[in-house]
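Just below is one structure, and these are the notes that go with it.
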Amino acid sequence: MSERHLSVALKQPGPIPLDVEFDCDAGQVLAIFGPSGSGKTTILRSIAGLYRPAHASVRSNGVTWTDTASRTFVPPHLRAVGFVFQEYALFPHLTAEGNVAAALGHVPHADRRLRAGQLLESVRLGEKANRRPQELSGGERQRVALARALAREPAVLLLDEPFAAVDRQVRRSLQDEINALRRTLDLPMILVTHDFDDVVRLATRVLLLEGGRGVANGPVTTLMSRPDLAWLREAVGLGAVFEATVSGSTDHGLMLLSFEGGMLLAAERHLPTGTAVRVRIPAREVILAMRAPEGLSLHNVLSGRVSALHSDPGLDHVIVQVAVGALLLLAEVTQDAVDRLRLAVGTPVHALVKSVSLDIITPARD
Amino acid sequence: MDWSALRVSLWLGAGTILVLLPFGLWLGRLLALQQFRGKLLLEALLTVPLVLPPTVLGFYLLVTFGARSPLGQAFQALVGQSLPFSFQGLLFASAIANIPFVVQPIQRGFEAIPADVRDAAACCGLTPWQRFLRIEVPLAWPSILTATILTFAHTLGEFGVVLMVGGNLPGRTRTLSIAIYDRMQAFDDRSAGVMAATLLVIAVATLMTTTALSRKVGVRRV
């Protein structure tokens with residue numbers, strides 16, 4: 001089963017410019033992240049065979065779906081693709097059960113109702129099998145769309161802005177649902193989103209897209225520690241993301257987090273010891289000091305060395321990357337501060353982080 | 001009451017639908033979903049019967065398909081009847097006259113189906129035919145029904161084309177609307193009145209049936 005693998009290469013100058021190349025293994029969630037109009041949806045459509053770029057190669061589990069070089073093109077209905085559309089695209093004239101059953105063409109006729117019922121049950125909609133889409137809430141429609149996408153027993157699951165049309169609360173529960181799916185389904189999942197929250201919560205890898213071009217591709221943690229992604233900084237605010245484990249709590253109600261190379265105190269919430277979490281530290285919240293300070297209200301003082309400096313022309317801020325053990329922190333400081341502290345690659349520094357500044361996320365894990 | 005005229009009218013209405021509907025589904029869907037060169041011109045040509053006086057349409061049909069023209073001879077070879085003064089010719093003329101009534105509503109119906117829904121059907125593994133029958137036709141159903149009603153009603157009321165192409169042969173090409181005119185000319189107001197009332201009843205019944213049908217549509221399973 002773990003042979004499941006998707007590899008994609010798309011290239012064309014226009015009308016929708018595309019220039020990307022990526023892979024996704026089973027069990028991985030690749031987030032395609034970028035501003036609207038950057039070609040995210042077109043990439044998903046190309047994988048499904050709904051759009052045909054000038055130059056394209058799409059291979060799933062060793063089967064060629066598209067290869068413009070050899071003029072291979074498998075039509076969409078013959079590709080084992082589960083596609084959750086942005087506005088769900090449910091069939092309005094069919095019930096929830098009918099919608100799911102429509103994707104069960106590979107199952108003998110007599111078993112379709114039963115199977116559709118099971119699938120709806122798995123997204124907690126068993127009782128609403130006979131409702132039409134217009135009688136369901138946004139979150140419920142979303143779950144029907146998910147059940148329908150899975151009904152086909154796809155070799156790859158494509159999610160196009162799956163949370164765009166639901167409110168924040170429903171969003172969280174759907175994110176949990178997809179996270180749970182990722183653990184049980186052994187297939188590559190591609191998630192298109194323009195919301196960074198989705199990336200941090202769900203993705204194992206990220207492809208950053210700008211004008212149809214893949215500008216960066218890698219694990220979420222690695223990518224978020226890069227100081228040079230100016231566009232990303234504008235979109236979400238730069239900040240290091242890394243994996244940590246809850247290792248206990250203090251008498252004063254703070255949570256202890258251990259990561260490769262140190263410990264942190266977080267004020268945010270209390271999770272059972274041993275829970276794997278993702279931590280995000282916004283670059284704006286990190287203060288740099290040459291000496292370990294005393295008499296501060298602050299809890300977290302991390303010692304490390306400057307590993308990179310980055311400044312964009314036209315911006316008076318400098319992004320300083322600090323290596324603390326294996327962790328690469330990012331700090332956003334002024335050019336003036338860089339000059340005064342004489343920061344350069346290799347300079348030993350202390351990074352100061354308030355415990356309330358840590359963003360603790362219970363995420364997808366590899 | 002001219003029963004044979006009623007029969008001709010009903011046969012003509014049903015026959016026109018039978019001939020035109022498959023064509024309308026094909027062409028309406030094509031116009032809704034495809035972009036191609038000359039589409040604008042084609043759409044304009046298809047609308048011509050709507051704006052042309054029926055007598056003018058009938059005139060051109062007679063000229064084009066007259067017994068001596070090559071097209072007229074082809075028609076005769078194919079159908080076994082000449083176009084003028086035959087029921088088959090009348091059916092053909094009626095089909096031409098009704099093209100816009102069939103194609104336009106069907107085109108609008110298919111245009112109204114969101115592209116994502118059609119794509120989703122493909123991603124569900126449905127073949128193009130399954131997509132057409134299970135997703136597109138049920139969703140475009142109200143428009144297809146409208147096209148059918150319009151065509152039937154329009155055929156019952158058609159006068160100019162029928163008179164030009166079919167003449168007024170009892171039992172073959174004399175429709176109810178022509179029979180009404182005929183009776184009025186003969187000062188037989190009573191017969192004309194009965195037949196006019198018959199047409200009215202048929203029209204109302206058709207509308208009621210189709211409205212009822214269109215409300216019931218859709219509770220089907222795949």
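Residue numbering restarts at 1 for every chain of the structure tokens, chains are lettered A, B, ... in their displayed order, and ligands are numbered from 1 as they appear.
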Surrounding residues of Trp11 (chain B) excluding itself and chain neighbours under 3 positions, 12 Å, only C-alpha atoms, as a ChimeraX atom specification: /B:4-8,14-19,87-88,90-91,94,152,155-156,171-176
Deliver the residues from the most recent selection as a file, using C-alpha atoms, as a PDB file, in the first residue's frame.
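The result, stored in result29.pdb:
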ATOM      1  CA  SER B   4     -59.550  14.744 -38.563  1.00  0.00           C
ATOM      2  CA  ALA B   5     -58.146  18.268 -38.205  1.00  0.00           C
ATOM      3  CA  LEU B   6     -57.709  17.710 -34.472  1.00  0.00           C
ATOM      4  CA  ARG B   7     -55.947  14.443 -35.213  1.00  0.00           C
ATOM      5  CA  VAL B   8     -53.588  16.115 -37.717  1.00  0.00           C
ATOM      6  CA  ALA B  14     -46.199  15.106 -31.160  1.00  0.00           C
ATOM      7  CA  GLY B  15     -44.216  14.404 -34.332  1.00  0.00           C
ATOM      8  CA  THR B  16     -42.442  17.754 -34.194  1.00  0.00           C
ATOM      9  CA  ILE B  17     -41.361  17.099 -30.606  1.00  0.00           C
ATOM     10  CA  LEU B  18     -40.201  13.599 -31.471  1.00  0.00           C
ATOM     11  CA  VAL B  19     -38.118  14.845 -34.389  1.00  0.00           C
ATOM     12  CA  PHE B  87     -48.013  15.522 -43.887  1.00  0.00           C
ATOM     13  CA  GLN B  88     -44.314  14.613 -43.972  1.00  0.00           C
ATOM     14  CA  LEU B  90     -45.630  19.702 -43.029  1.00  0.00           C
ATOM     15  CA  LEU B  91     -43.752  17.910 -40.246  1.00  0.00           C
ATOM     16  CA  SER B  94     -42.894  22.545 -38.524  1.00  0.00           C
ATOM     17  CA  PHE B 152     -46.205  21.610 -28.784  1.00  0.00           C
ATOM     18  CA  THR B 155     -47.206  23.787 -33.399  1.00  0.00           C
ATOM     19  CA  LEU B 156     -50.900  23.678 -32.487  1.00  0.00           C
ATOM     20  CA  GLY B 171     -57.211  14.553 -43.079  1.00  0.00           C
ATOM     21  CA  ARG B 172     -53.668  15.184 -44.286  1.00  0.00           C
ATOM     22  CA  THR B 173     -52.568  18.747 -43.867  1.00  0.00           C
ATOM     23  CA  ARG B 174     -55.598  20.565 -42.505  1.00  0.00           C
ATOM     24  CA  THR B 175     -54.800  21.369 -38.889  1.00  0.00           C
ATOM     25  CA  LEU B 176     -57.266  22.633 -36.305  1.00  0.00           C
TER      26      LEU B 176
END
Please find the residues of chain A near chain B - the criterion being any atom within 7 Å, counting only C-alpha atoms - and write them as an mmCIF file with N, CA and C atoms, in the first residue's frame.
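Wrote it out as selection.cif, contents follow:
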data_model
loop_
_atom_site.group_PDB
_atom_site.id
_atom_site.type_symbol
_atom_site.label_atom_id
_atom_site.label_comp_id
_atom_site.auth_asym_id
_atom_site.auth_seq_id
_atom_site.Cartn_x
_atom_site.Cartn_y
_atom_site.Cartn_z
ATOM 1 N N LEU A 50 -8.989 17.420 -15.682
ATOM 2 C CA LEU A 50 -10.041 18.367 -16.068
ATOM 3 C C LEU A 50 -9.457 19.552 -16.826
ATOM 4 N N PRO A 76 -10.746 12.006 -17.218
ATOM 5 C CA PRO A 76 -10.957 12.112 -15.769
ATOM 6 C C PRO A 76 -11.729 10.947 -15.160
ATOM 7 N N HIS A 77 -12.736 10.436 -15.867
ATOM 8 C CA HIS A 77 -13.555 9.401 -15.229
ATOM 9 C C HIS A 77 -12.815 8.071 -15.110
ATOM 10 N N LEU A 78 -11.660 7.963 -15.764
ATOM 11 C CA LEU A 78 -10.879 6.731 -15.630
ATOM 12 C C LEU A 78 -9.695 6.894 -14.677
ATOM 13 N N VAL A 81 -9.346 9.414 -8.818
ATOM 14 C CA VAL A 81 -9.093 10.677 -8.128
ATOM 15 C C VAL A 81 -10.274 11.003 -7.234
ATOM 16 N N GLY A 82 -10.011 11.367 -6.006
ATOM 17 C CA GLY A 82 -11.059 11.894 -5.144
ATOM 18 C C GLY A 82 -10.889 13.404 -5.115
ATOM 19 N N PHE A 83 -11.913 14.124 -5.536
ATOM 20 C CA PHE A 83 -11.785 15.578 -5.671
ATOM 21 C C PHE A 83 -12.857 16.243 -4.806
ATOM 22 N N ALA A 89 -19.692 21.300 -5.054
ATOM 23 C CA ALA A 89 -20.207 20.756 -6.317
ATOM 24 C C ALA A 89 -21.000 19.468 -6.114
ATOM 25 N N LEU A 90 -21.855 19.455 -5.113
ATOM 26 C CA LEU A 90 -22.733 18.297 -4.931
ATOM 27 C C LEU A 90 -23.799 18.310 -6.023
ATOM 28 N N PHE A 91 -24.358 17.137 -6.305
ATOM 29 C CA PHE A 91 -25.422 17.059 -7.300
ATOM 30 C C PHE A 91 -26.718 17.466 -6.609
ATOM 31 N N HIS A 93 -29.800 17.492 -7.347
ATOM 32 C CA HIS A 93 -31.034 16.727 -7.522
ATOM 33 C C HIS A 93 -30.969 15.378 -6.812
ATOM 34 N N LEU A 94 -29.827 15.071 -6.191
ATOM 35 C CA LEU A 94 -29.684 13.781 -5.523
ATOM 36 C C LEU A 94 -29.547 13.982 -4.016
ATOM 37 N N GLY A 98 -27.444 9.535 -2.557
ATOM 38 C CA GLY A 98 -27.331 9.477 -4.013
ATOM 39 C C GLY A 98 -26.039 10.075 -4.509
ATOM 40 N N ALA A 101 -23.411 7.540 -3.747
ATOM 41 C CA ALA A 101 -23.591 6.354 -4.593
ATOM 42 C C ALA A 101 -23.170 6.610 -6.039
ATOM 43 N N ALA A 102 -23.257 7.878 -6.459
ATOM 44 C CA ALA A 102 -22.865 8.208 -7.826
ATOM 45 C C ALA A 102 -21.401 7.889 -8.091
ATOM 46 N N ALA A 103 -20.605 7.875 -7.032
ATOM 47 C CA ALA A 103 -19.177 7.588 -7.192
ATOM 48 C C ALA A 103 -18.866 6.127 -6.891
ATOM 49 N N GLY A 105 -19.575 3.488 -8.841
ATOM 50 C CA GLY A 105 -19.760 2.712 -10.065
ATOM 51 C C GLY A 105 -18.993 1.405 -10.077
ATOM 52 N N ARG A 152 -14.875 6.519 -4.230
ATOM 53 C CA ARG A 152 -14.263 5.940 -5.422
ATOM 54 C C ARG A 152 -13.031 5.111 -5.100
#
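When CA of Thr221 (chain A) is paired with CA of Leu238 (chain A), their separation reads 12.0 Å.
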Tell me, as a short mmCIF file (atom, residue, chain, number, x, y, z; two decimals) with N, CA and C atoms, in the first residue's frame, which residues lie within 8 Å of Pro49 (chain B), counting only C-alpha atoms; anything in the same chain fewer than 3 positions away does not count.
data_model
loop_
_atom_site.label_atom_id
_atom_site.label_comp_id
_atom_site.auth_asym_id
_atom_site.auth_seq_id
_atom_site.Cartn_x
_atom_site.Cartn_y
_atom_site.Cartn_z
N LEU B 46 -30.10 30.12 -36.12
CA LEU B 46 -31.09 29.28 -35.44
C LEU B 46 -32.26 30.11 -34.93
N LEU B 52 -38.77 35.70 -38.38
CA LEU B 52 -39.27 35.73 -39.75
C LEU B 52 -40.79 35.52 -39.76
N PRO B 53 -41.54 36.28 -40.57
CA PRO B 53 -42.97 35.98 -40.69
C PRO B 53 -43.14 34.55 -41.19
N PRO B 54 -44.06 33.78 -40.60
CA PRO B 54 -44.21 32.36 -40.98
C PRO B 54 -44.43 32.17 -42.48
N LEU B 57 -41.10 32.22 -44.15
CA LEU B 57 -40.41 30.95 -43.91
C LEU B 57 -40.99 29.87 -44.83
N ILE B 96 -38.53 22.82 -38.68
CA ILE B 96 -37.67 23.97 -38.96
C ILE B 96 -38.17 25.21 -38.20
N ALA B 97 -39.49 25.43 -38.27
CA ALA B 97 -40.06 26.63 -37.64
C ALA B 97 -39.89 26.62 -36.13
N ASN B 98 -39.77 25.42 -35.55
CA ASN B 98 -39.72 25.31 -34.09
C ASN B 98 -38.31 25.22 -33.51
N ILE B 99 -37.29 25.22 -34.38
CA ILE B 99 -35.92 25.07 -33.88
C ILE B 99 -35.60 26.03 -32.72
N PRO B 100 -35.88 27.34 -32.88
CA PRO B 100 -35.52 28.23 -31.75
C PRO B 100 -36.27 27.91 -30.47
#
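If you measure from each of A:Arg115, A:His194, A:Arg52, A:His310 to Ala344 (chain A) using only C-alpha atoms, the closest one turns out to be A:His310.
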Near-region 178-188 of chain A list (12 Å; only C-alpha atoms; drop same-chain fewer than 2 positions) as a VMD selection string: chain A and resid 1 to 7 22 to 31 60 to 61 80 to 82 84 122 to 123 142 to 143 146 to 147 150 153 to 159 162 to 163 171 to 176 190 to 191 198 to 205 362 to 366
Can you write just those residues out, C-alpha atoms, as a tab-separated table (two decimals), in the first residue's frame?
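result-v5.tsv, written as the output of this step:
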chain	number	residue	atom	x	y	z
A	1	MET	CA	0.00	0.00	0.00
A	2	SER	CA	2.76	2.44	0.81
A	3	GLU	CA	3.82	2.31	-2.83
A	4	ARG	CA	1.17	4.94	-3.48
A	5	HIS	CA	2.85	7.93	-4.91
A	6	LEU	CA	1.96	10.89	-7.05
A	7	SER	CA	4.40	12.83	-9.19
A	22	PHE	CA	6.38	18.03	-7.13
A	23	ASP	CA	5.89	14.60	-5.58
A	24	CYS	CA	3.62	13.40	-2.84
A	25	ASP	CA	3.86	10.09	-1.01
A	26	ALA	CA	1.09	8.13	0.63
A	27	GLY	CA	0.27	9.47	4.07
A	28	GLN	CA	1.59	12.90	3.22
A	29	VAL	CA	-0.43	16.07	2.93
A	30	LEU	CA	1.09	18.45	0.44
A	31	ALA	CA	-0.31	21.94	0.86
A	60	SER	CA	0.08	7.93	-9.94
A	61	ASN	CA	1.33	4.62	-8.50
A	80	ALA	CA	-8.89	7.16	-9.49
A	81	VAL	CA	-9.09	10.68	-8.13
A	82	GLY	CA	-11.06	11.89	-5.14
A	84	VAL	CA	-13.39	17.84	-3.07
A	122	SER	CA	-17.89	7.54	8.59
A	123	VAL	CA	-18.36	11.30	8.25
A	142	GLN	CA	-18.52	19.51	2.95
A	143	ARG	CA	-18.61	16.12	4.65
A	146	LEU	CA	-15.59	14.24	1.33
A	147	ALA	CA	-17.52	10.96	1.54
A	150	LEU	CA	-13.55	8.75	-0.88
A	153	GLU	CA	-11.40	4.46	-3.42
A	154	PRO	CA	-9.10	7.03	-4.95
A	155	ALA	CA	-5.37	6.74	-5.45
A	156	VAL	CA	-5.02	10.42	-4.59
A	157	LEU	CA	-7.23	12.86	-2.69
A	158	LEU	CA	-7.46	16.46	-3.95
A	159	LEU	CA	-8.90	19.14	-1.67
A	162	PRO	CA	-12.01	22.77	1.56
A	163	PHE	CA	-12.70	25.15	4.43
A	171	ARG	CA	-13.35	24.64	10.11
A	172	ARG	CA	-11.57	23.25	13.16
A	173	SER	CA	-13.71	20.12	13.29
A	174	LEU	CA	-13.25	19.52	9.57
A	175	GLN	CA	-9.51	19.98	9.94
A	176	ASP	CA	-9.55	17.33	12.67
A	190	ILE	CA	-3.02	17.51	-2.02
A	191	LEU	CA	-4.56	20.47	-0.24
A	198	ASP	CA	-4.59	25.07	7.15
A	199	VAL	CA	-0.95	24.66	6.24
A	200	VAL	CA	0.28	24.60	9.82
A	201	ARG	CA	-2.49	22.31	11.01
A	202	LEU	CA	-2.66	19.81	8.20
A	203	ALA	CA	0.31	19.84	5.91
A	204	THR	CA	3.39	17.71	6.08
A	205	ARG	CA	4.91	19.48	3.12
A	362	THR	CA	-1.84	19.93	17.63
A	363	PRO	CA	-1.13	18.96	14.11
A	364	ALA	CA	-0.54	16.28	11.57
A	365	ARG	CA	2.55	14.28	12.29
A	366	ASP	CA	4.65	12.24	9.92
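Non-sequential neighbours of Arg183 (chain B) (distance at most 10 Å, separation of 5 or more positions within a chain, only C-alpha atoms) are Met1, Asp2, Ile178, Asp188, Asp189, Arg190, Ser191, Ala192, Gly193 and Met195 of chain B.
By only C-alpha atoms, and with residues fewer than 4 positions from Val102 (chain B) along its chain excluded, the set lying at most 8 Å from it is Leu20, Leu21, Gly24, Asn98, Ile106, Ile144, Ala147, Thr148, Leu150 and Thr151 of chain B.
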Polymer residues at most 12 Å from Pro84 (chain B), only C-alpha atoms, same-chain spacing of 3 or more positions, as number ranges by chain: B: 58-68, 72-73, 75-76, 81, 87-93, 161-169, 172-173
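Among the candidates A:Val220, A:Val20, A:Leu298, A:Ile361, the one nearest to Thr245 (chain A) when counting only C-alpha atoms is A:Ile361.
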Secondary structure check, strand (DSSP E or B) residues of region 190-337 of chain A, as an NGL selection string: :A and (190-193 or 205-210 or 213-219 or 239-249 or 255-259 or 262-266 or 276-282 or 286-289 or 300-311 or 317-324 or 327-334)
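Distance-wise, CA of Gln34 (chain B) and CA of Gly37 (chain A) end up 23.9 Å apart.
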